[in-house]
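Notes to accompany the following structure.
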Amino acid sequence: MSWIREGELNLIEKISANVLKAGPMPKHVAFIMDGNRRFARKKNMGRQEGHMQGFNKLAETLRWCKHLNIPEVTVYAFSIENFKRTKDEVDGLMELAKQKFERLLEERDNLEKHGVCIRVLGDLNMLPLDLQQVIAKAVLTTRVHNKYEITNAVREMAWGVEQGLIKASDVSEPLLSECLYSNNSPNPDLLIRTSGEVRLSDFLLWQTSHSCLVFQSVLWPEYSFWNLCEAILQYQLNHKSIQKARDLHREHQASLQLEADRACVAEHLQHHGNGKPLDAQRRQEALLHYTACREERVQDFLESLKHKRDSYFNNLCSEAVLA
Amino acid sequence: MALLHGFLWRLLLVLVHVNRALVSWLRVRLRSLKGRLWERMVAALLLPVALAGFPDHRRKFNRNPGANANSVTGNCAASRRSRCLSDGRSLEKLPVHIGLLVAEEEPSYTDISNLVVWCMAVGISYVSVYDNHGIFRKNNSHLLEEIMRKQQDLLGVDGSKHNVEFLSNGSDKHQHHVVSCRPTVKVLSPDDGKQSIVQAAQQLCRSVENKERSSRDISVTMLDIMLRESKNVPDPELVVKFGPVDSTLGFLPWHIRLTEFISLPSHRNVSYEDLFGALQRYGACQQRLGQ
């Protein structure tokens with residue numbers, strides 16, 4: 001089945017969509033598609049069939065999001081805990097994923113026409129090699145485990161320090177965010193989890209700290225347009241307070257960064273100064289200079305990191321071509 | 001057309017707010033009118049109308065007013081304490097670590113202290129208190145005084161300071177060798193979330209800068225240990241969120257992988273039954289790892 005369904009909304013759906021669009025809309029929605037297995041049990045079908053239905057529902061949901069002008073959708077694909085399932089089920093899931101990604105390649109033009117960009121996040125190394133290669137060809141990264149993602153970001157920053165690109169004192173929250181796999185997309189505004197579970201299960205823990213969380217009890221394969229509208233309405237009700245909290249957090253971050261910069265400058269001056277206390281203006285100049293240098297350093301480091309990741313993909317692709 | 005949609009949207013929001021007000025009014029009435037049958041019937045009839053669009057509210061209502069909870073007011077301390085303990089034992093499972101997330105402006109110290117004391121009385125070993133402005137952390141001592149006072153009021157002189165450990169940043173180093181069979185209260189702020197991860201990252205990077213280790217040595221376990229060392233508490237199994245905001249607002253992102261989130265409308269004038277209702281809901285849920 002296709003990654004995106006054609007078709008328009010019916011009249012009532014269209015009107016509701018227009019009413020919702022009058023308010024603030026999330027620019028990035030994340031889904032934890034939970035409930036495939038329970039759905040399969042409920043309808044007395046095999047688990048594999050349940051996962052298929054789940055995938056079809058995803059295609060439909062992408063269509064709704066497109067009609068609601070939501071530019072970005074992130075979906076929880078595989079959890080490392082999923083690897084604890086029976087071998088048959090895991091193999092089945094991998095086969096399904098491979099078919100879907102191969103289909104994705106075929107449909108690339110169609111998706112581009114609809115303006116759909118599909119990004120799947122995670123650590124490629126956990127997946128079987130042939131799946132990795134298919135995914136690499138579609139230029140995606142697959143998500144697996146959130147703590148791995150954060151740890152990997154820390155490792156990349158340490159690599160940057162080793163290479164002399166940045167200093168340990170440059171490490172900050174925004175820099176860590178930039179080093180995550182998901183650095184190209186903004187944090188989700190809205191996170192929806194279906195099937196009634198009220199946990200995050202290791203999904204984008206870092207990125208969703210200030211997202212609107214909506215837990216819905218419907219099973220994923222039974223998700224409807226109205227469920228989506230309900231979730232968006234919740235987002236709209238929470239919009240102002242979450243915005244305020246985000247701004248507060250950002251201000252706090254900025255003041256921490258400023259303090260850190262000041263401390264570095266003071267230390268620097270102590271070491272290299274000639275004992276005379278500097279006046280306020282000189283100190284301010286030194287601070288601005290230091291901040292500018294730090295930002296430049298960080299930019300160069302991020303460039304190198306991007307280059308490193310792109311060449312990893314290209315290597316994977318060329319291996320796949322040769323194979 | 002756009003104007004019409006804008007108007008309809010505003011109308012929709014008004015309806016939702018009216019709905020919420022009605023729901024909370026009904027909840028208060030239902031709780032206080034235990035004896036008056038006819039009024040309860042009227043309220044129950046209005047309920048389906050009020051709850052039509054919001055299935056999650058329905059769930060909350062069905063578990064209220066905590067039918068199994070014993071009253072915690074008006075009796076002598078010892079019997080209150082034993083009742084709380086028996087309530088705790090009656091649950092299928094109790095969290096080892098509970099987080100109280102206040103997502104409201106101007107937190108009330110009295111209500112939070114009540115909640116903390118009830119949690120400890122029911123048998124929960126670790127209680128964390130969090131608000132995203134860091135107000136509790138700033139007024140740490142005030143909060144802890146309130147808690148001690150509440151403990152004495154509700155549970156008698158026995159349940160006093162030597163039974164409880166208060167942890168705040170800086171005093172953690174002493175706790176390593178203590179066998180914690182005593183309940184512990186922790187006051188958290190946004191700095192304990194992402195910021196502590198960033199600090200751990202900085203520490204690791206500094207050791208790499210000093211050539212003490214290589215970037216390849218950094219692993220999840222290493223980061224995990226570093227983050228636990230400074231907190232020394234297990235991951236929270238349950239977070240009860242108070243307030244209308246549907247977000248974690250920066251609460252311990254590293255530790256909430258498998259945490260259940262249960263929302264209550266407000267922490268102001270919260271009752272023991274409300275808390276117990278949330279604990280019952282937690283007790284009934286299953287953790288299905290890996291879907």
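Residue numbering restarts at 1 for every chain of the structure tokens, chains are lettered A, B, ... in their displayed order, and ligands are numbered from 1 as they appear.
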
Determine, using only C-alpha atoms, which residues of chain B have any atom at most 8 Å from an atom of chain A, and tabulate each with its shortest atom pair and distance in Å to one decimal place, rows ordered by chain and then rising number, as JSON lines.
{"residue": "B:Ala2", "atom": "CA", "partner": "A:Ala22", "partner_atom": "CA", "distance": 7.4}
{"residue": "B:His5", "atom": "CA", "partner": "A:Val19", "partner_atom": "CA", "distance": 4.7}
{"residue": "B:Gly6", "atom": "CA", "partner": "A:Ala22", "partner_atom": "CA", "distance": 5.0}
{"residue": "B:Leu8", "atom": "CA", "partner": "A:Val19", "partner_atom": "CA", "distance": 6.2}
{"residue": "B:Trp9", "atom": "CA", "partner": "A:Val19", "partner_atom": "CA", "distance": 5.2}
{"residue": "B:Leu13", "atom": "CA", "partner": "A:Leu237", "partner_atom": "CA", "distance": 7.5}
{"residue": "B:Asp56", "atom": "CA", "partner": "A:Gln216", "partner_atom": "CA", "distance": 7.7}
{"residue": "B:Asn132", "atom": "CA", "partner": "A:Ala245", "partner_atom": "CA", "distance": 7.4}
{"residue": "B:His133", "atom": "CA", "partner": "A:Leu248", "partner_atom": "CA", "distance": 8.0}
{"residue": "B:Lys194", "atom": "CA", "partner": "A:Glu173", "partner_atom": "CA", "distance": 7.1}
{"residue": "B:Gln195", "atom": "CA", "partner": "A:Glu173", "partner_atom": "CA", "distance": 6.9}
{"residue": "B:Val198", "atom": "CA", "partner": "A:Glu173", "partner_atom": "CA", "distance": 5.9}
{"residue": "B:Ala201", "atom": "CA", "partner": "A:Val154", "partner_atom": "CA", "distance": 5.8}
{"residue": "B:Gln202", "atom": "CA", "partner": "A:Val171", "partner_atom": "CA", "distance": 5.7}
{"residue": "B:Gln203", "atom": "CA", "partner": "A:Ala168", "partner_atom": "CA", "distance": 7.9}
{"residue": "B:Leu204", "atom": "CA", "partner": "A:Ala158", "partner_atom": "CA", "distance": 7.3}
{"residue": "B:Cys205", "atom": "CA", "partner": "A:Ala158", "partner_atom": "CA", "distance": 5.0}
{"residue": "B:Arg206", "atom": "CA", "partner": "A:Ala168", "partner_atom": "CA", "distance": 5.1}
{"residue": "B:Val208", "atom": "CA", "partner": "A:Ala158", "partner_atom": "CA", "distance": 6.5}
{"residue": "B:Glu209", "atom": "CA", "partner": "A:Val161", "partner_atom": "CA", "distance": 6.2}
{"residue": "B:Ser214", "atom": "CA", "partner": "A:Glu162", "partner_atom": "CA", "distance": 7.7}
{"residue": "B:Ser215", "atom": "CA", "partner": "A:Ala158", "partner_atom": "CA", "distance": 5.1}
{"residue": "B:Arg216", "atom": "CA", "partner": "A:Arg155", "partner_atom": "CA", "distance": 6.9}
{"residue": "B:Ile218", "atom": "CA", "partner": "A:Arg155", "partner_atom": "CA", "distance": 6.0}
{"residue": "B:Ser219", "atom": "CA", "partner": "A:Thr151", "partner_atom": "CA", "distance": 6.3}
{"residue": "B:Val220", "atom": "CA", "partner": "A:Thr151", "partner_atom": "CA", "distance": 5.6}
{"residue": "B:Leu223", "atom": "CA", "partner": "A:Thr151", "partner_atom": "CA", "distance": 7.0}
{"residue": "B:Pro244", "atom": "CA", "partner": "A:Asn238", "partner_atom": "CA", "distance": 7.6}
{"residue": "B:Val245", "atom": "CA", "partner": "A:Asn238", "partner_atom": "CA", "distance": 5.8}
{"residue": "B:Asp246", "atom": "CA", "partner": "A:Cys212", "partner_atom": "CA", "distance": 5.3}
{"residue": "B:Ser247", "atom": "CA", "partner": "A:Cys212", "partner_atom": "CA", "distance": 4.9}
{"residue": "B:Thr248", "atom": "CA", "partner": "A:Ser209", "partner_atom": "CA", "distance": 5.7}
{"residue": "B:Leu249", "atom": "CA", "partner": "A:His210", "partner_atom": "CA", "distance": 4.9}
{"residue": "B:Gly250", "atom": "CA", "partner": "A:Ser209", "partner_atom": "CA", "distance": 4.5}
{"residue": "B:Phe251", "atom": "CA", "partner": "A:Ser209", "partner_atom": "CA", "distance": 7.0}
{"residue": "B:Pro253", "atom": "CA", "partner": "A:Leu205", "partner_atom": "CA", "distance": 5.4}
{"residue": "B:Trp254", "atom": "CA", "partner": "A:Leu205", "partner_atom": "CA", "distance": 6.9}
{"residue": "B:Ile256", "atom": "CA", "partner": "A:Leu200", "partner_atom": "CA", "distance": 7.3}
{"residue": "B:Arg257", "atom": "CA", "partner": "A:Asp202", "partner_atom": "CA", "distance": 4.6}
{"residue": "B:Leu258", "atom": "CA", "partner": "A:Ser201", "partner_atom": "CA", "distance": 5.3}
{"residue": "B:Thr259", "atom": "CA", "partner": "A:Arg199", "partner_atom": "CA", "distance": 5.5}
{"residue": "B:Glu260", "atom": "CA", "partner": "A:Arg199", "partner_atom": "CA", "distance": 4.9}
{"residue": "B:Phe261", "atom": "CA", "partner": "A:Val198", "partner_atom": "CA", "distance": 5.4}
{"residue": "B:Ile262", "atom": "CA", "partner": "A:Val198", "partner_atom": "CA", "distance": 7.4}
{"residue": "B:Leu289", "atom": "CA", "partner": "A:Glu81", "partner_atom": "CA", "distance": 6.6}
{"residue": "B:Gly290", "atom": "CA", "partner": "A:Asn82", "partner_atom": "CA", "distance": 4.6}
{"residue": "B:Gln291", "atom": "CA", "partner": "A:Asp34", "partner_atom": "CA", "distance": 6.7}

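Atom CA of B:Ser196 lies 7.3 Å from atom CA of B:Leu227.
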
Atom CA of B:Ile225 to atom CA of B:His255, distance in Å rounded to a single decimal: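 A separation of 12.0 Å between them.
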
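Here atom CA of A:Asp88 is placed at a distance of 21.8 Å from atom CA of A:Trp220.
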
May I have the residues within 12 Å of stretch 104-109 of chain B as a PyMOL selection string, using only C-alpha atoms and disregarding those fewer than 5 positions away in the same chain? (chain A and resi 241-242+244-245) or (chain B and resi 114-116+129-137+139-150+241-249+264-270)

Name the residues in contact with stretch 295-308 of chain A at a cut-off of 7 Å, using only C-alpha atoms, excluding same-chain residues fewer than 3 positions from it; report them as a list in words. Gly160, Leu165, Ile166, Thr291, Ala292, Ser311 and Tyr312 of chain A

Selection to disk with N, CA and C atoms, as an mmCIF file, in the first residue's frame:
data_model
loop_
_atom_site.group_PDB
_atom_site.id
_atom_site.type_symbol
_atom_site.label_atom_id
_atom_site.label_comp_id
_atom_site.auth_asym_id
_atom_site.auth_seq_id
_atom_site.Cartn_x
_atom_site.Cartn_y
_atom_site.Cartn_z
ATOM 1 N N GLY A 160 34.328 16.398 18.921
ATOM 2 C CA GLY A 160 34.669 17.768 18.544
ATOM 3 C C GLY A 160 35.783 18.329 19.418
ATOM 4 N N LEU A 165 38.059 21.129 17.728
ATOM 5 C CA LEU A 165 37.132 22.041 17.062
ATOM 6 C C LEU A 165 36.413 22.930 18.060
ATOM 7 N N ILE A 166 36.099 22.359 19.204
ATOM 8 C CA ILE A 166 35.440 23.152 20.245
ATOM 9 C C ILE A 166 36.099 22.883 21.587
ATOM 10 N N THR A 291 32.215 35.747 22.917
ATOM 11 C CA THR A 291 30.957 35.144 22.449
ATOM 12 C C THR A 291 30.999 34.911 20.948
ATOM 13 N N ALA A 292 31.514 35.906 20.207
ATOM 14 C CA ALA A 292 31.591 35.771 18.747
ATOM 15 C C ALA A 292 32.494 34.602 18.365
ATOM 16 N N SER A 311 28.844 11.823 4.834
ATOM 17 C CA SER A 311 29.755 10.869 4.191
ATOM 18 C C SER A 311 29.463 9.458 4.656
ATOM 19 N N TYR A 312 28.958 9.305 5.884
ATOM 20 C CA TYR A 312 28.556 7.978 6.351
ATOM 21 C C TYR A 312 27.446 7.442 5.469
#

Quick one: residues within 7 Å of B:Pro95, only C-alpha atoms counted, chain neighbours fewer than 4 positions away excluded, as a list in words?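 Residues meeting the cut-off are Ile124, Glu237 and Leu238 of chain B.
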